[in-house]
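Coordinates as given in coords.cif (mmCIF, C-alpha atoms):
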```
data_coords
#
loop_
_atom_site.label_atom_id
_atom_site.label_comp_id
_atom_site.auth_asym_id
_atom_site.auth_seq_id
_atom_site.Cartn_x
_atom_site.Cartn_y
_atom_site.Cartn_z
CA MET A 6 3.25 -48.40 -1.00
CA TYR A 7 5.71 -46.57 1.23
CA GLU A 8 5.86 -43.19 2.92
CA ALA A 9 9.06 -41.35 3.86
CA VAL A 10 8.88 -39.85 7.34
CA HIS A 11 10.89 -37.51 9.58
CA ALA A 12 11.13 -39.55 12.79
CA HIS A 13 12.04 -38.27 16.26
CA PRO A 14 14.41 -36.52 17.11
CA ASP A 15 14.01 -34.82 13.70
CA GLY A 16 10.21 -34.96 13.83
CA ASP A 17 7.64 -35.24 16.60
CA SER A 18 6.93 -38.98 16.45
CA THR A 19 9.16 -42.00 16.88
CA VAL A 20 9.81 -44.60 14.20
CA ALA A 21 7.55 -47.04 16.06
CA ARG A 22 4.64 -44.59 16.18
CA PHE A 23 5.03 -43.86 12.46
CA ALA A 24 5.11 -47.58 11.75
CA ALA A 25 1.98 -48.21 13.84
CA THR A 26 0.10 -45.39 12.09
CA ALA A 27 1.35 -46.37 8.63
CA ALA A 28 0.22 -49.94 9.20
CA SER A 29 -3.29 -48.82 10.11
CA ALA A 30 -3.35 -46.49 7.07
CA GLY A 31 -2.49 -49.34 4.70
CA TYR A 32 1.14 -48.69 3.86
CA ASP A 33 3.59 -51.53 3.24
CA GLY A 34 6.45 -49.67 4.87
CA VAL A 35 8.07 -46.46 5.97
CA VAL A 36 11.37 -44.91 4.95
CA VAL A 37 13.01 -43.09 7.84
CA ARG A 38 14.35 -39.86 6.36
CA SER A 39 15.44 -38.00 9.46
CA ARG A 40 18.06 -35.35 8.87
CA SER A 41 21.67 -36.42 9.10
CA ASP A 42 22.26 -34.59 12.42
CA ALA A 43 19.16 -36.05 14.10
CA ARG A 44 18.99 -39.72 13.16
CA PRO A 45 16.99 -42.01 15.44
CA ASP A 46 18.67 -44.92 17.13
CA VAL A 47 16.13 -47.74 16.97
CA ASP A 48 15.92 -51.45 16.39
CA ARG A 49 14.23 -51.33 12.99
CA ASP A 50 13.67 -55.09 12.79
CA ALA A 51 11.84 -55.09 16.14
CA VAL A 52 9.57 -52.27 14.96
CA ALA A 53 8.96 -54.02 11.64
CA ASP A 54 8.07 -57.29 13.41
CA GLU A 55 5.76 -55.57 15.89
CA TYR A 56 3.67 -53.61 13.38
CA GLY A 57 4.04 -55.68 10.22
CA VAL A 58 5.45 -52.93 8.00
CA ASP A 59 8.87 -52.63 6.45
CA VAL A 60 11.17 -50.02 8.02
CA VAL A 61 13.85 -48.67 5.68
CA ASP A 62 16.96 -47.07 7.07
CA GLY A 63 17.39 -43.72 5.36
CA VAL A 64 18.85 -40.31 5.91
CA GLU A 65 18.07 -36.87 4.57
CA LEU A 66 20.85 -34.46 3.78
CA ASP A 67 19.82 -30.83 4.13
CA ALA A 68 22.88 -28.99 2.88
CA ALA A 69 23.20 -25.23 2.62
CA ASP A 70 25.19 -25.20 -0.60
CA VAL A 71 26.89 -27.38 -3.18
CA PRO A 72 30.34 -27.80 -1.53
CA GLN A 73 28.72 -28.89 1.73
CA ALA A 74 26.43 -31.32 -0.10
CA SER A 75 29.31 -32.72 -2.10
CA GLY A 76 31.28 -33.71 0.99
CA ALA A 77 28.30 -35.02 2.92
CA ILE A 78 26.91 -37.22 0.12
CA ALA A 79 30.13 -39.20 0.00
CA GLY A 80 30.15 -39.60 3.77
CA LEU A 81 26.50 -40.58 4.19
CA ARG A 82 26.14 -42.94 1.22
CA SER A 83 27.57 -45.93 3.05
CA GLU A 84 25.71 -45.19 6.29
CA ALA A 85 22.12 -45.64 5.13
CA THR A 86 20.08 -47.71 2.70
CA MET A 87 18.35 -44.66 1.30
CA LEU A 88 20.04 -41.31 0.73
CA VAL A 89 17.60 -38.44 0.29
CA VAL A 90 19.16 -35.09 -0.56
CA ARG A 91 17.12 -31.93 -0.18
CA GLY A 92 17.32 -29.45 -3.04
CA GLY A 93 15.91 -25.97 -2.74
CA THR A 94 18.11 -23.78 -4.94
CA PRO A 95 18.65 -24.17 -8.68
CA GLU A 96 22.36 -24.92 -8.16
CA LEU A 97 21.71 -27.52 -5.47
CA ASN A 98 18.96 -29.17 -7.53
CA ARG A 99 21.29 -29.53 -10.47
CA PHE A 100 24.13 -30.82 -8.34
CA VAL A 101 21.91 -33.48 -6.70
CA ALA A 102 20.43 -34.54 -10.04
CA GLU A 103 23.96 -35.04 -11.32
CA SER A 104 25.01 -37.17 -8.32
CA PRO A 105 24.42 -40.86 -9.08
CA ARG A 106 25.05 -41.62 -5.39
CA ALA A 107 21.91 -39.78 -4.31
CA ASP A 108 18.65 -41.75 -4.42
CA VAL A 109 16.11 -38.95 -4.14
CA LEU A 110 16.12 -35.24 -4.89
CA ALA A 111 13.71 -33.98 -2.20
CA GLY A 112 11.65 -30.80 -2.36
CA PRO A 113 13.22 -29.38 -5.53
CA MET A 114 10.62 -26.59 -5.77
CA ARG A 115 10.83 -25.44 -2.14
CA GLY A 116 11.99 -21.95 -1.28
CA SER A 117 13.85 -20.44 -4.21
CA GLY A 118 14.19 -23.84 -5.88
CA ASP A 119 13.43 -24.34 -9.54
CA VAL A 120 14.05 -27.04 -12.11
CA ASN A 121 14.50 -27.04 -15.85
CA HIS A 122 14.95 -29.65 -18.56
CA VAL A 123 18.67 -29.95 -17.78
CA VAL A 124 18.00 -30.96 -14.15
CA VAL A 125 15.27 -33.46 -15.05
CA LYS A 126 17.35 -35.06 -17.83
CA ALA A 127 20.31 -35.35 -15.45
CA ALA A 128 18.05 -36.95 -12.84
CA LYS A 129 16.88 -39.53 -15.37
CA ARG A 130 20.43 -40.26 -16.53
CA ASN A 131 21.63 -40.79 -12.96
CA ALA A 132 18.47 -42.55 -11.71
CA VAL A 133 17.95 -39.85 -9.07
CA HIS A 134 14.25 -39.92 -8.16
CA VAL A 135 12.64 -36.47 -8.16
CA GLU A 136 10.25 -35.97 -5.26
CA PHE A 137 6.72 -34.63 -5.65
CA ASP A 138 6.39 -33.03 -2.25
CA PHE A 139 2.70 -32.87 -1.23
CA SER A 140 3.41 -31.34 2.19
CA ARG A 141 2.38 -27.80 1.35
CA VAL A 142 -0.63 -28.97 -0.66
CA LEU A 143 -1.88 -30.76 2.44
CA ARG A 144 -0.80 -28.34 5.15
CA ALA A 145 -0.41 -24.82 3.72
CA SER A 146 -3.02 -22.40 2.49
CA GLY A 147 -3.30 -19.22 0.48
CA GLY A 148 -0.38 -17.94 -1.54
CA GLU A 149 2.10 -20.45 -0.22
CA ARG A 150 -0.10 -23.29 -1.38
CA VAL A 151 -0.64 -21.70 -4.78
CA GLN A 152 3.12 -21.50 -5.22
CA ALA A 153 3.48 -25.13 -4.20
CA LEU A 154 0.81 -26.20 -6.70
CA ARG A 155 2.45 -24.15 -9.46
CA GLY A 156 5.78 -25.78 -8.69
CA LEU A 157 4.26 -29.26 -8.71
CA ARG A 158 2.64 -28.65 -12.06
CA LYS A 159 5.86 -27.47 -13.68
CA LEU A 160 7.75 -30.40 -12.22
CA ARG A 161 5.06 -32.85 -13.32
CA GLU A 162 5.13 -31.62 -16.90
CA LEU A 163 8.91 -31.95 -17.09
CA VAL A 164 9.02 -35.36 -15.38
CA ASP A 165 6.24 -36.67 -17.64
CA HIS A 166 7.94 -35.38 -20.77
CA TYR A 167 11.32 -36.92 -20.05
CA ASP A 168 9.92 -39.97 -18.23
CA ALA A 169 12.23 -39.32 -15.29
CA PRO A 170 12.03 -41.45 -12.12
CA PHE A 171 10.03 -39.93 -9.27
CA VAL A 172 8.64 -40.49 -5.79
CA VAL A 173 5.62 -39.02 -4.02
CA SER A 174 5.54 -38.11 -0.34
CA ALA A 175 3.50 -36.03 2.12
CA ASP A 176 6.79 -35.40 3.99
CA PRO A 177 5.25 -35.89 7.46
CA ASP A 178 6.98 -34.60 10.60
CA SER A 179 4.62 -36.39 12.98
CA HIS A 180 2.19 -39.30 12.78
CA LEU A 181 -0.63 -36.73 12.70
CA GLU A 182 0.65 -35.49 9.33
CA LEU A 183 0.60 -38.95 7.80
CA ARG A 184 -2.15 -39.49 5.22
CA ALA A 185 -3.32 -42.84 3.88
CA PRO A 186 -2.40 -43.85 0.31
CA ARG A 187 -6.02 -43.59 -0.89
CA GLU A 188 -6.23 -40.05 0.48
CA LEU A 189 -3.03 -39.07 -1.32
CA LEU A 190 -4.39 -40.56 -4.56
CA ALA A 191 -7.56 -38.49 -4.16
CA VAL A 192 -5.60 -35.30 -3.44
CA GLY A 193 -3.28 -36.01 -6.36
CA GLU A 194 -6.22 -36.46 -8.71
CA GLU A 195 -7.70 -33.18 -7.50
CA ILE A 196 -4.51 -31.23 -8.25
CA GLY A 197 -4.00 -32.71 -11.69
CA PHE A 198 -2.01 -35.91 -11.17
CA ASP A 199 -2.98 -39.21 -12.65
CA ARG A 200 -3.98 -41.73 -9.95
CA ASP A 201 -1.63 -44.35 -11.31
CA ARG A 202 1.27 -41.91 -11.30
CA VAL A 203 0.76 -41.07 -7.62
CA ARG A 204 0.54 -44.77 -6.82
CA ALA A 205 3.72 -45.40 -8.79
CA GLY A 206 5.41 -42.59 -6.86
CA LEU A 207 4.47 -44.14 -3.52
CA GLU A 208 5.60 -47.58 -4.69
CA ALA A 209 8.90 -46.20 -5.98
CA TRP A 210 10.18 -45.77 -2.39
CA GLY A 211 9.85 -49.51 -1.88
CA GLU A 212 11.47 -50.33 -5.21
CA LEU A 213 14.40 -48.05 -4.37
CA ALA A 214 14.81 -49.69 -0.97
CA GLU A 215 14.78 -53.15 -2.54
CA ARG A 216 17.33 -52.12 -5.18
CA ASN A 217 19.68 -50.62 -2.60
CA ARG A 218 19.36 -53.58 -0.25
CA HIS A 219 20.22 -55.89 -3.12
CA ARG A 220 23.23 -53.76 -4.00
CA THR A 221 24.56 -53.80 -0.46
CA SER A 222 23.84 -57.51 0.01
CA GLU A 223 26.49 -60.20 -0.08
CA GLU A 224 25.66 -60.92 -3.72
CA PHE A 225 27.84 -57.95 -4.61
CA ILE A 226 31.55 -58.58 -4.23
CA THR A 227 32.44 -54.99 -4.94
CA THR A 228 30.75 -52.03 -6.60
CA GLY A 229 29.28 -53.26 -9.87
CA VAL A 230 30.52 -56.86 -9.50
CA GLU A 231 27.69 -59.26 -8.70
CA ARG A 232 27.96 -62.95 -7.93
CA GLY A 233 26.37 -64.74 -10.90
CA ARG A 234 24.42 -67.95 -11.23
CA TYR A 235 27.24 -69.98 -12.78
CA GLU A 236 29.78 -69.88 -10.02
CA GLU A 237 30.17 -73.58 -9.32
CA ASP A 238 32.40 -74.76 -12.10
CA SER A 239 33.11 -78.40 -12.71
CA MET B 29 -41.77 -27.59 3.29
CA LYS B 30 -43.01 -30.89 1.96
CA HIS B 31 -40.14 -33.28 1.41
CA LEU B 32 -39.11 -34.36 -2.06
CA PRO B 33 -40.44 -37.49 -3.72
CA LYS B 34 -37.99 -40.31 -3.34
CA HIS B 35 -36.65 -40.33 -6.91
CA LEU B 36 -35.77 -36.63 -6.67
CA ARG B 37 -33.96 -36.74 -3.35
CA PRO B 38 -30.19 -36.35 -3.51
CA ARG B 39 -28.21 -39.53 -3.05
CA TRP B 40 -25.48 -39.56 -0.46
CA ARG B 41 -22.46 -41.52 0.57
CA TYR B 42 -21.29 -41.60 4.18
CA LEU B 43 -17.62 -41.48 5.07
CA ALA B 44 -16.67 -43.00 8.40
CA VAL B 45 -13.71 -40.96 9.61
CA GLU B 46 -11.13 -41.61 12.29
CA LEU B 47 -9.59 -38.66 14.14
CA GLU B 48 -6.39 -38.48 16.11
CA ALA B 49 -4.70 -35.53 17.84
CA TRP B 50 -2.43 -34.77 20.77
CA PRO B 51 -4.06 -35.51 24.15
CA ASP B 52 -4.53 -31.82 25.05
CA ALA B 53 -6.46 -31.05 21.85
CA ASP B 54 -9.99 -29.79 22.21
CA VAL B 55 -11.99 -30.46 19.04
CA SER B 56 -15.73 -29.89 18.83
CA GLN B 57 -18.14 -30.91 16.07
CA GLY B 58 -18.65 -27.28 15.03
CA ASP B 59 -14.91 -26.63 14.75
CA PHE B 60 -14.35 -29.82 12.79
CA GLN B 61 -17.22 -28.94 10.43
CA ARG B 62 -15.69 -25.51 9.82
CA SER B 63 -12.30 -27.03 9.11
CA VAL B 64 -13.81 -29.50 6.63
CA TRP B 65 -15.66 -26.70 4.82
CA PHE B 66 -12.55 -24.54 4.69
CA ALA B 67 -10.45 -27.43 3.40
CA ALA B 68 -12.98 -28.20 0.66
CA GLN B 69 -13.34 -24.56 -0.33
CA ASN B 70 -9.59 -24.01 -0.42
CA LEU B 71 -9.02 -27.16 -2.46
CA TYR B 72 -11.72 -26.94 -5.12
CA GLY B 73 -13.44 -23.61 -4.67
CA ASP B 74 -16.99 -22.51 -3.95
CA ALA B 75 -18.58 -24.39 -6.82
CA GLY B 76 -16.84 -27.67 -6.07
CA SER B 77 -17.44 -27.52 -2.35
CA ALA B 78 -21.14 -26.82 -2.91
CA ASP B 79 -21.23 -29.89 -5.18
CA ALA B 80 -19.55 -32.11 -2.63
CA ASP B 81 -21.78 -30.69 0.15
CA LEU B 82 -19.72 -32.16 2.99
CA ARG B 83 -21.51 -32.28 6.31
CA VAL B 84 -20.45 -33.75 9.63
CA LEU B 85 -23.42 -35.77 10.91
CA GLN B 86 -21.99 -37.52 13.93
CA PHE B 87 -18.99 -36.68 16.00
CA SER B 88 -17.28 -37.91 19.11
CA PHE B 89 -13.87 -36.91 20.40
CA ALA B 90 -12.08 -37.25 23.71
CA ASP B 91 -8.46 -37.38 24.92
CA GLY B 92 -6.90 -37.08 21.49
CA SER B 93 -8.92 -39.66 19.63
CA GLY B 94 -12.32 -39.74 18.05
CA GLU B 95 -14.49 -40.58 15.09
CA ALA B 96 -16.98 -38.84 12.86
CA LEU B 97 -19.48 -39.53 10.12
CA VAL B 98 -19.25 -37.19 7.13
CA ARG B 99 -21.94 -37.04 4.44
CA VAL B 100 -20.95 -36.39 0.84
CA ARG B 101 -22.89 -36.34 -2.44
CA HIS B 102 -22.97 -39.62 -4.34
CA GLY B 103 -20.26 -39.45 -7.02
CA GLU B 104 -18.12 -36.99 -5.08
CA VAL B 105 -16.57 -39.49 -2.69
CA GLU B 106 -13.02 -39.07 -3.98
CA ARG B 107 -13.30 -35.27 -3.75
CA GLY B 108 -14.61 -35.61 -0.22
CA ARG B 109 -11.68 -37.85 0.61
CA ALA B 110 -9.25 -35.27 -0.82
CA ALA B 111 -10.79 -32.45 1.22
CA LEU B 112 -10.64 -34.51 4.41
CA ALA B 113 -6.97 -35.29 3.74
CA CYS B 114 -6.30 -31.54 3.62
CA VAL B 115 -7.73 -30.99 7.12
CA ASP B 116 -4.42 -30.69 8.98
CA ALA B 117 -5.57 -28.78 12.05
CA VAL B 118 -8.76 -27.82 13.85
CA ARG B 119 -8.52 -24.42 15.57
CA GLY B 120 -4.74 -24.75 15.75
CA ASP B 121 -4.69 -28.32 17.06
CA PRO B 122 -3.01 -30.64 14.55
CA VAL B 123 -5.23 -33.61 13.70
CA ARG B 124 -4.89 -36.75 11.63
CA VAL B 125 -7.97 -37.54 9.60
CA ALA B 126 -8.28 -40.99 8.06
CA VAL B 127 -11.23 -42.45 6.19
CA ARG B 128 -12.07 -45.89 7.58
CA GLY B 129 -14.69 -46.67 4.98
CA VAL B 130 -17.58 -45.52 2.83
CA SER B 131 -21.19 -46.67 3.03
CA GLY B 132 -24.46 -45.93 1.29
CA THR B 133 -26.48 -45.58 4.48
CA ILE B 134 -25.77 -44.08 7.87
CA ARG B 135 -26.70 -47.34 9.55
CA ALA B 136 -24.30 -49.41 7.46
CA ALA B 137 -21.48 -46.94 8.13
CA GLU B 138 -22.15 -47.05 11.86
CA GLU B 139 -22.30 -50.82 11.98
CA LYS B 140 -19.28 -51.45 9.82
CA TYR B 141 -16.86 -48.69 10.77
CA LEU B 142 -17.93 -46.69 13.82
CA GLY B 143 -18.51 -47.32 17.49
CA ARG B 144 -15.37 -49.33 18.09
CA PRO B 145 -14.66 -48.90 21.77
CA GLY B 146 -11.32 -47.07 21.79
CA GLU B 147 -8.67 -47.82 24.33
CA PRO B 148 -9.22 -45.58 27.38
CA ALA B 149 -6.60 -42.87 27.86
CA ALA B 150 -4.68 -42.86 31.11
CA GLU B 151 -1.97 -40.66 32.54
CA ALA B 152 1.28 -42.46 33.11
CA SER B 153 4.91 -41.87 33.86
CA VAL B 154 7.28 -43.36 31.29
CA ALA B 155 11.00 -43.55 30.64
CA PHE B 156 11.71 -41.87 27.31
CA ALA B 157 15.12 -40.90 25.93
CA ASP B 158 16.87 -41.65 29.27
CA ASP B 159 14.44 -39.43 31.10
CA SER B 160 11.31 -39.88 33.15
CA CYS B 161 8.40 -38.07 31.54
CA ARG B 162 4.72 -37.63 32.04
CA ALA B 163 2.68 -39.20 29.27
CA VAL B 164 -0.78 -40.17 28.16
CA ARG B 165 -1.20 -43.80 27.22
CA ARG B 166 -3.89 -45.24 24.92
CA GLY B 167 -3.44 -48.96 24.41
CA ASP B 168 0.15 -49.35 23.24
CA LEU B 169 0.29 -45.77 21.91
CA VAL B 170 2.03 -43.29 24.18
CA ASP B 171 2.05 -39.50 23.80
CA VAL B 172 5.02 -38.26 25.80
CA ASP B 173 4.79 -34.74 27.22
CA GLY B 174 8.30 -33.52 26.40
CA GLU B 175 10.00 -30.15 26.69
CA ASN B 176 8.99 -29.03 23.20
CA GLY B 177 5.43 -30.32 23.21
CA PHE B 178 4.22 -33.86 22.76
CA VAL B 179 6.17 -36.67 21.15
CA GLY B 180 4.29 -39.59 19.62
CA ALA B 181 5.71 -42.93 20.74
CA THR B 182 4.63 -46.50 21.45
CA ASP B 183 5.36 -49.13 24.07
CA LEU B 184 8.44 -50.12 22.09
CA ASP B 185 10.07 -46.75 22.85
CA CYS B 186 9.35 -46.57 26.57
#
```
How would this structure read if it were set down as structure tokens?
Amino acid sequence: MYEAVHAHPDGDSTVARFAATAASAGYDGVVVRSRSDARPDVDRDAVADEYGVDVVDGVELDAADVPQASGAIAGLRSEATMLVVRGGTPELNRFVAESPRADVLAGPMRGSGDVNHVVVKAAKRNAVHVEFDFSRVLRASGGERVQALRGLRKLRELVDHYDAPFVVSADPDSHLELRAPRELLAVGEEIGFDRDRVRAGLEAWGELAERNRHRTSEEFITTGVERGRYEEDS
Amino acid sequence: MKHLPKHLRPRWRYLAVELEAWPDADVSQGDFQRSVWFAAQNLYGDAGSADADLRVLQFSFADGSGEALVRVRHGEVERGRAALACVDAVRGDPVRVAVRGVSGTIRAAEEKYLGRPGEPAAEASVAFADDSCRAVRRGDLVDVDGENGFVGATDLDC
């Protein structure tokens, strides 16, 4: 199971500190999803070796509107293994769900964000993983938390109905906001999620990373053209 | 009042909990207990939190790290775990709460999960982000005192 984290300078803890904490919490790896203007410059392999967890190179795009997102997605796609694009308005959510280059649609219900069947179907068609963002369930209270729970429920019903791909994250900004997988399963169960679904959502980060690493490996000659098993011809 | 016969006494589970915060955090047992009750009440309401009956039995905390023993009704362990996960701050100090393990007796929980001598915290001066900063070091974990509050780092970063 993986967690996607905002590492310093975007968040308050470095990649190494997140990796150390994630290892003690029982995660298999972390996805670094620092925002595109504050990406950490670290030796990911050294961190992975030191703490025994996988460290995935990712980036989060937090665009103000669709034209800005459109330009930035093309630019960032080749720079990172994992491209997470933050939604937050109905237009942006739909645009991200319709972008096959994006891996994850993050926080679709934040702010004025909303989704409908069109967005979720587009996300499924383009294999864009919709994020269940637990951050405000874990760290907000009162009306803000009620809104977050309402948003999660709507999103869950749509994602379940159309069997769309999804990820689960607590969206931590510092190692103190990281929660262990078992804790997230317990919280998920309490707010109406199935335990297996939350586990699948945490595992989906790792599956996405593996898929993208395979796609950018030397096995692929060019986009969509993979070296097969029968190359050596007599 | 005379205590209950054994077969009528409530059965408990004991959660051994690990706490972590920034080095300047000041967390007392009373404050932590309040935060746990609030978290439980906010998550599953008065009825649910009375059922879970979370109580902090043991507590120790110093220099940004600590541990606690939390009692929960038998059969409500997962709810207790969920409430503890929702404790994000104690009196304004952000904390990380992680369940190390669950036991059926206080003694087993203590022996298996608590009382690990933590690394002592020491003030140090470290090089972080091309700058010399004051920091608090615990083992290979380093909390750097930066301009905008603390930054969590490790020996690999400094």
Review point. Chain A residues within 7 Å of chain B, counting all atoms listed in the file: which ones, as a list in words?
Key: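 Result, ordered by chain then number: Asp17, Ser18, Thr19, Ala21, Arg22, Leu143, Arg144, Leu181, Glu182, Arg184, Ala185, Glu188, Ala191 and Val192 of chain A.
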For those residues, write C-alpha atoms to a file as a short mmCIF file (atom, residue, chain, number, x, y, z; two decimals), keeping the file's coordinate frame.
```
data_model
loop_
_atom_site.label_atom_id
_atom_site.label_comp_id
_atom_site.auth_asym_id
_atom_site.auth_seq_id
_atom_site.Cartn_x
_atom_site.Cartn_y
_atom_site.Cartn_z
CA ASP A 17 7.64 -35.24 16.60
CA SER A 18 6.93 -38.98 16.45
CA THR A 19 9.16 -42.00 16.88
CA ALA A 21 7.55 -47.04 16.06
CA ARG A 22 4.64 -44.59 16.18
CA LEU A 143 -1.88 -30.76 2.44
CA ARG A 144 -0.80 -28.34 5.15
CA LEU A 181 -0.63 -36.73 12.70
CA GLU A 182 0.65 -35.49 9.33
CA ARG A 184 -2.15 -39.49 5.22
CA ALA A 185 -3.32 -42.84 3.88
CA GLU A 188 -6.23 -40.05 0.48
CA ALA A 191 -7.56 -38.49 -4.16
CA VAL A 192 -5.60 -35.30 -3.44
#
```
For this session: Enter the distance from CA of Leu88 in chain A to CA of Asp108 in chain A, in Å, rounded to one decimal.
Result: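 Straight-line distance from CA of Leu88 in chain A to CA of Asp108 in chain A works out to 5.4 Å.
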- Task: Show me as number ranges by chain the residues that reach within 10 Å of (7.3, -24.9, 1.5), counting all atoms listed in the file and using the file's own coordinates.
- Result: A: 93, 112, 114-117, 138-142, 144-145, 149-150, 152-153
Atom pair CA of Leu66 in chain A + CA of Glu8 in chain A, distance 17.4 Å
Show me, as a PyMOL selection string, the residues that have an atom within 9 Å of Thr133 in chain B when counting only C-alpha atoms, minus same-chain residues fewer than 6 positions from it.
chain B and resi 40-42
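Coordinates place CA of Glu136 in chain A at a distance of 10.0 Å from CA of Ala175 in chain A.
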